[in-house]
Amino acid sequence: MKLDAPVPGGPCWAELGTSDLETAKRFYAELFGWRAETDPRQEAGGYTVAHLGEAAVAALSPLYQEAQPCAWNVSFAVTDADVSARLLTEAGGKVLVGPMDVFDAGRFVVALDPGGAAFQMWQARTFPGAGLFNAPGSLGWVELLTRDRHRAETFYTTVFGWTVRSSENYLQWGVGGADFGGMITMDDKFPPEVPSHWLPYFAVADVDESTRTAIGAGGTALMEPTSVPDGPRIAVLRDPQGAVFGVYRAGDEG
């Protein structure tokens with residue numbers, strides 16, 4: 001991605017909801033070298049921040065609701081969570097949680113777009129979001145998989161003001177022309193039970209080696225390492241609890 005720090009409208013954080021926090025800590029430590037620090041406060045509910053060096057790069061947390069799937073969630077930075085929540089509702093989205101304060105760290109919203117893809121919005125106070133992007137082990141790209149490309153494009157450009165670069169097979173999202181992610185239209189190759197969703201991609205030094213490491217640690221390769229024409233080398237992986245994410249070779253981001 002062409003962004004290297006959280007900016008309004010851009011992705012600022014990736015957060016895993018998992019059914020087995022300790023196993024997830026071990027898996028991602030082996031895969032990305034993350035150092036996990038769990039918030040000791042009871043009211044934090046086991047929320048765990050992963051670090052590379054001193055930089056916060058992602059979060060791992062227990063599932064907070066019975067029906068919540070094991071999944072990665074992407075957060076986008078906003079200047080006013082309440083205003084953004086109203087805007088997304090008017091644009092056809094749905095607020096699931098919030099707006100609500102998280103201690104003094106910030107204010108957040110959990111929402112669904114019109115196609116049912118979940119995402120979060122974050123109004124920073126003391127915590128701006130990830131302290132590292134595009135380096136091995138950190139977030140470097142986010143991708144929306146949807147069954148209604150036109151409706152999704154209208155929704156996200158309305159809510160966040162994203163810029164769009166579009167081709168026949170792929171659309172890229174940007175903030176002021178600085179691309180940070182893309183959109184794929186889900187076709188018949190995707191089973192009908194797979195919902196629209198956001199997929200975070202983490203940078204790695206070697207996609208093939210990282211895929212082998214993930215499999216050895218109990219994960220699964222949903223898409224084996226592949227070189228995208230005129231693009232990066234990527235793979236799509238699933239962790240031991242079923243959460244899906246992507247990896248790409250650092251330095252290949254758009």
# chains A, B, ... in the order shown; residues from 1 in each chain; ligands from 1
>>> select_by_dssp(residues="region 152-219 of chain A", states="strand (DSSP E or B)", output="PDB file with N, CA and C atoms, in the first residue's frame")
ATOM      1  N   THR A 163     -10.793   7.329  -3.449  1.00  0.00           N
ATOM      2  CA  THR A 163     -10.546   7.393  -4.877  1.00  0.00           C
ATOM      3  C   THR A 163     -10.534   5.970  -5.429  1.00  0.00           C
ATOM      4  N   VAL A 164     -10.796   5.853  -6.728  1.00  0.00           N
ATOM      5  CA  VAL A 164     -10.943   4.540  -7.344  1.00  0.00           C
ATOM      6  C   VAL A 164     -10.131   4.477  -8.629  1.00  0.00           C
ATOM      7  N   ARG A 165      -9.375   3.402  -8.765  1.00  0.00           N
ATOM      8  CA  ARG A 165      -8.729   3.071 -10.041  1.00  0.00           C
ATOM      9  C   ARG A 165      -9.262   1.708 -10.447  1.00  0.00           C
ATOM     10  N   SER A 166      -9.929   1.651 -11.601  1.00  0.00           N
ATOM     11  CA  SER A 166     -10.659   0.449 -11.965  1.00  0.00           C
ATOM     12  C   SER A 166     -10.180  -0.134 -13.281  1.00  0.00           C
ATOM     13  N   LEU A 171     -10.481  -3.568  -8.951  1.00  0.00           N
ATOM     14  CA  LEU A 171     -10.633  -2.161  -8.587  1.00  0.00           C
ATOM     15  C   LEU A 171      -9.713  -1.873  -7.414  1.00  0.00           C
ATOM     16  N   GLN A 172      -9.034  -0.720  -7.436  1.00  0.00           N
ATOM     17  CA  GLN A 172      -8.163  -0.337  -6.331  1.00  0.00           C
ATOM     18  C   GLN A 172      -8.714   0.896  -5.627  1.00  0.00           C
ATOM     19  N   TRP A 173      -8.733   0.792  -4.282  1.00  0.00           N
ATOM     20  CA  TRP A 173      -9.172   1.897  -3.438  1.00  0.00           C
ATOM     21  C   TRP A 173      -7.984   2.769  -3.055  1.00  0.00           C
ATOM     22  N   GLY A 174      -8.229   4.058  -2.878  1.00  0.00           N
ATOM     23  CA  GLY A 174      -7.169   4.951  -2.447  1.00  0.00           C
ATOM     24  C   GLY A 174      -7.694   6.106  -1.620  1.00  0.00           C
ATOM     25  N   VAL A 175      -6.779   6.765  -0.930  1.00  0.00           N
ATOM     26  CA  VAL A 175      -7.062   8.016  -0.234  1.00  0.00           C
ATOM     27  C   VAL A 175      -6.260   9.089  -0.939  1.00  0.00           C
ATOM     28  N   ALA A 178      -3.633   7.654  -3.221  1.00  0.00           N
ATOM     29  CA  ALA A 178      -2.663   6.723  -2.629  1.00  0.00           C
ATOM     30  C   ALA A 178      -3.367   5.400  -2.350  1.00  0.00           C
ATOM     31  N   ASP A 179      -3.114   4.400  -3.187  1.00  0.00           N
ATOM     32  CA  ASP A 179      -3.849   3.145  -3.093  1.00  0.00           C
ATOM     33  C   ASP A 179      -3.457   2.347  -1.852  1.00  0.00           C
ATOM     34  N   PHE A 180      -4.469   1.744  -1.233  1.00  0.00           N
ATOM     35  CA  PHE A 180      -4.229   0.940  -0.041  1.00  0.00           C
ATOM     36  C   PHE A 180      -4.928  -0.409  -0.103  1.00  0.00           C
ATOM     37  N   GLY A 181      -5.766  -0.635  -1.123  1.00  0.00           N
ATOM     38  CA  GLY A 181      -6.515  -1.882  -1.162  1.00  0.00           C
ATOM     39  C   GLY A 181      -7.264  -2.038  -2.473  1.00  0.00           C
ATOM     40  N   GLY A 182      -8.064  -3.082  -2.524  1.00  0.00           N
ATOM     41  CA  GLY A 182      -8.765  -3.360  -3.757  1.00  0.00           C
ATOM     42  C   GLY A 182     -10.084  -4.063  -3.527  1.00  0.00           C
ATOM     43  N   MET A 183     -10.733  -4.428  -4.637  1.00  0.00           N
ATOM     44  CA  MET A 183     -12.019  -5.110  -4.574  1.00  0.00           C
ATOM     45  C   MET A 183     -12.095  -6.166  -5.655  1.00  0.00           C
ATOM     46  N   ILE A 184     -12.556  -7.345  -5.250  1.00  0.00           N
ATOM     47  CA  ILE A 184     -12.794  -8.453  -6.168  1.00  0.00           C
ATOM     48  C   ILE A 184     -14.280  -8.762  -6.168  1.00  0.00           C
ATOM     49  N   THR A 185     -14.844  -8.965  -7.339  1.00  0.00           N
ATOM     50  CA  THR A 185     -16.228  -9.396  -7.432  1.00  0.00           C
ATOM     51  C   THR A 185     -16.281 -10.908  -7.328  1.00  0.00           C
ATOM     52  N   HIS A 197     -16.767 -10.091   2.381  1.00  0.00           N
ATOM     53  CA  HIS A 197     -15.880  -9.873   3.529  1.00  0.00           C
ATOM     54  C   HIS A 197     -14.646  -9.079   3.133  1.00  0.00           C
ATOM     55  N   TRP A 198     -14.017  -8.484   4.136  1.00  0.00           N
ATOM     56  CA  TRP A 198     -12.737  -7.817   3.969  1.00  0.00           C
ATOM     57  C   TRP A 198     -11.612  -8.793   4.324  1.00  0.00           C
ATOM     58  N   LEU A 199     -10.558  -8.779   3.513  1.00  0.00           N
ATOM     59  CA  LEU A 199      -9.429  -9.681   3.697  1.00  0.00           C
ATOM     60  C   LEU A 199      -8.147  -8.862   3.872  1.00  0.00           C
ATOM     61  N   PRO A 200      -7.512  -8.928   5.049  1.00  0.00           N
ATOM     62  CA  PRO A 200      -6.238  -8.219   5.209  1.00  0.00           C
ATOM     63  C   PRO A 200      -5.083  -9.032   4.634  1.00  0.00           C
ATOM     64  N   TYR A 201      -4.122  -8.345   4.054  1.00  0.00           N
ATOM     65  CA  TYR A 201      -2.886  -8.970   3.578  1.00  0.00           C
ATOM     66  C   TYR A 201      -1.720  -8.433   4.399  1.00  0.00           C
ATOM     67  N   PHE A 202      -0.887  -9.354   4.878  1.00  0.00           N
ATOM     68  CA  PHE A 202       0.297  -8.988   5.629  1.00  0.00           C
ATOM     69  C   PHE A 202       1.538  -9.224   4.773  1.00  0.00           C
ATOM     70  N   ALA A 203       2.475  -8.303   4.864  1.00  0.00           N
ATOM     71  CA  ALA A 203       3.723  -8.423   4.112  1.00  0.00           C
ATOM     72  C   ALA A 203       4.608  -9.508   4.713  1.00  0.00           C
ATOM     73  N   VAL A 204       5.316 -10.221   3.872  1.00  0.00           N
ATOM     74  CA  VAL A 204       6.302 -11.216   4.305  1.00  0.00           C
ATOM     75  C   VAL A 204       7.516 -11.123   3.383  1.00  0.00           C
TER      76      VAL A 204
END
>>> closest_atom_pairs(of="region 22-51 of chain A", to="region 127-133 of chain A", cutoff="12 Å", atoms="only C-alpha atoms", output="tab-separated table")
residue	atom	partner	partner_atom	distance
A:Val49	CA	A:Ala130	CA	10.0
A:Ala50	CA	A:Ala130	CA	9.8
A:His51	CA	A:Gly131	CA	9.0
>>> write_last_selection(atoms="N, CA, C and O atoms", output="short mmCIF file (atom, residue, chain, number, x, y, z; two decimals), in the first residue's frame")
data_model
loop_
_atom_site.label_atom_id
_atom_site.label_comp_id
_atom_site.auth_asym_id
_atom_site.auth_seq_id
_atom_site.Cartn_x
_atom_site.Cartn_y
_atom_site.Cartn_z
N VAL A 49 -2.51 -7.09 22.04
CA VAL A 49 -1.88 -6.34 20.95
C VAL A 49 -0.58 -7.03 20.54
O VAL A 49 0.24 -7.39 21.39
N ALA A 50 -0.43 -7.25 19.25
CA ALA A 50 0.77 -7.86 18.70
C ALA A 50 1.75 -6.78 18.28
O ALA A 50 1.37 -5.76 17.70
N HIS A 51 3.03 -7.00 18.58
CA HIS A 51 4.08 -6.03 18.28
C HIS A 51 5.18 -6.65 17.42
O HIS A 51 5.46 -7.85 17.51
#
>>> closest_atom_pairs(of="region 161-248 of chain A", to="region 19-23 of chain A", cutoff="10 Å", atoms="only C-alpha atoms", output="CSV")
residue,atom,partner,partner_atom,distance
A:Ala217,CA,A:Thr23,CA,9.8
A:Gly218,CA,A:Thr23,CA,9.7
A:Asp239,CA,A:Thr23,CA,9.6
A:Pro240,CA,A:Thr23,CA,7.9
A:Gln241,CA,A:Ser19,CA,6.6
A:Gly242,CA,A:Ser19,CA,9.3
A:Ala243,CA,A:Ser19,CA,9.9
>>> residues_around(residues="region 26-43 of chain A", least_positions_apart="5", cutoff="12 Å", atoms="only C-alpha atoms", output="PyMOL selection string")
chain A and resi 16+18+20-21+48-62+102-103+135-139+202-220+237-241+243+245+247
>>> atom_distance(atom1="CA of Ala118 (chain A)", atom2="CA of Leu144 (chain A)")
9.9 Å
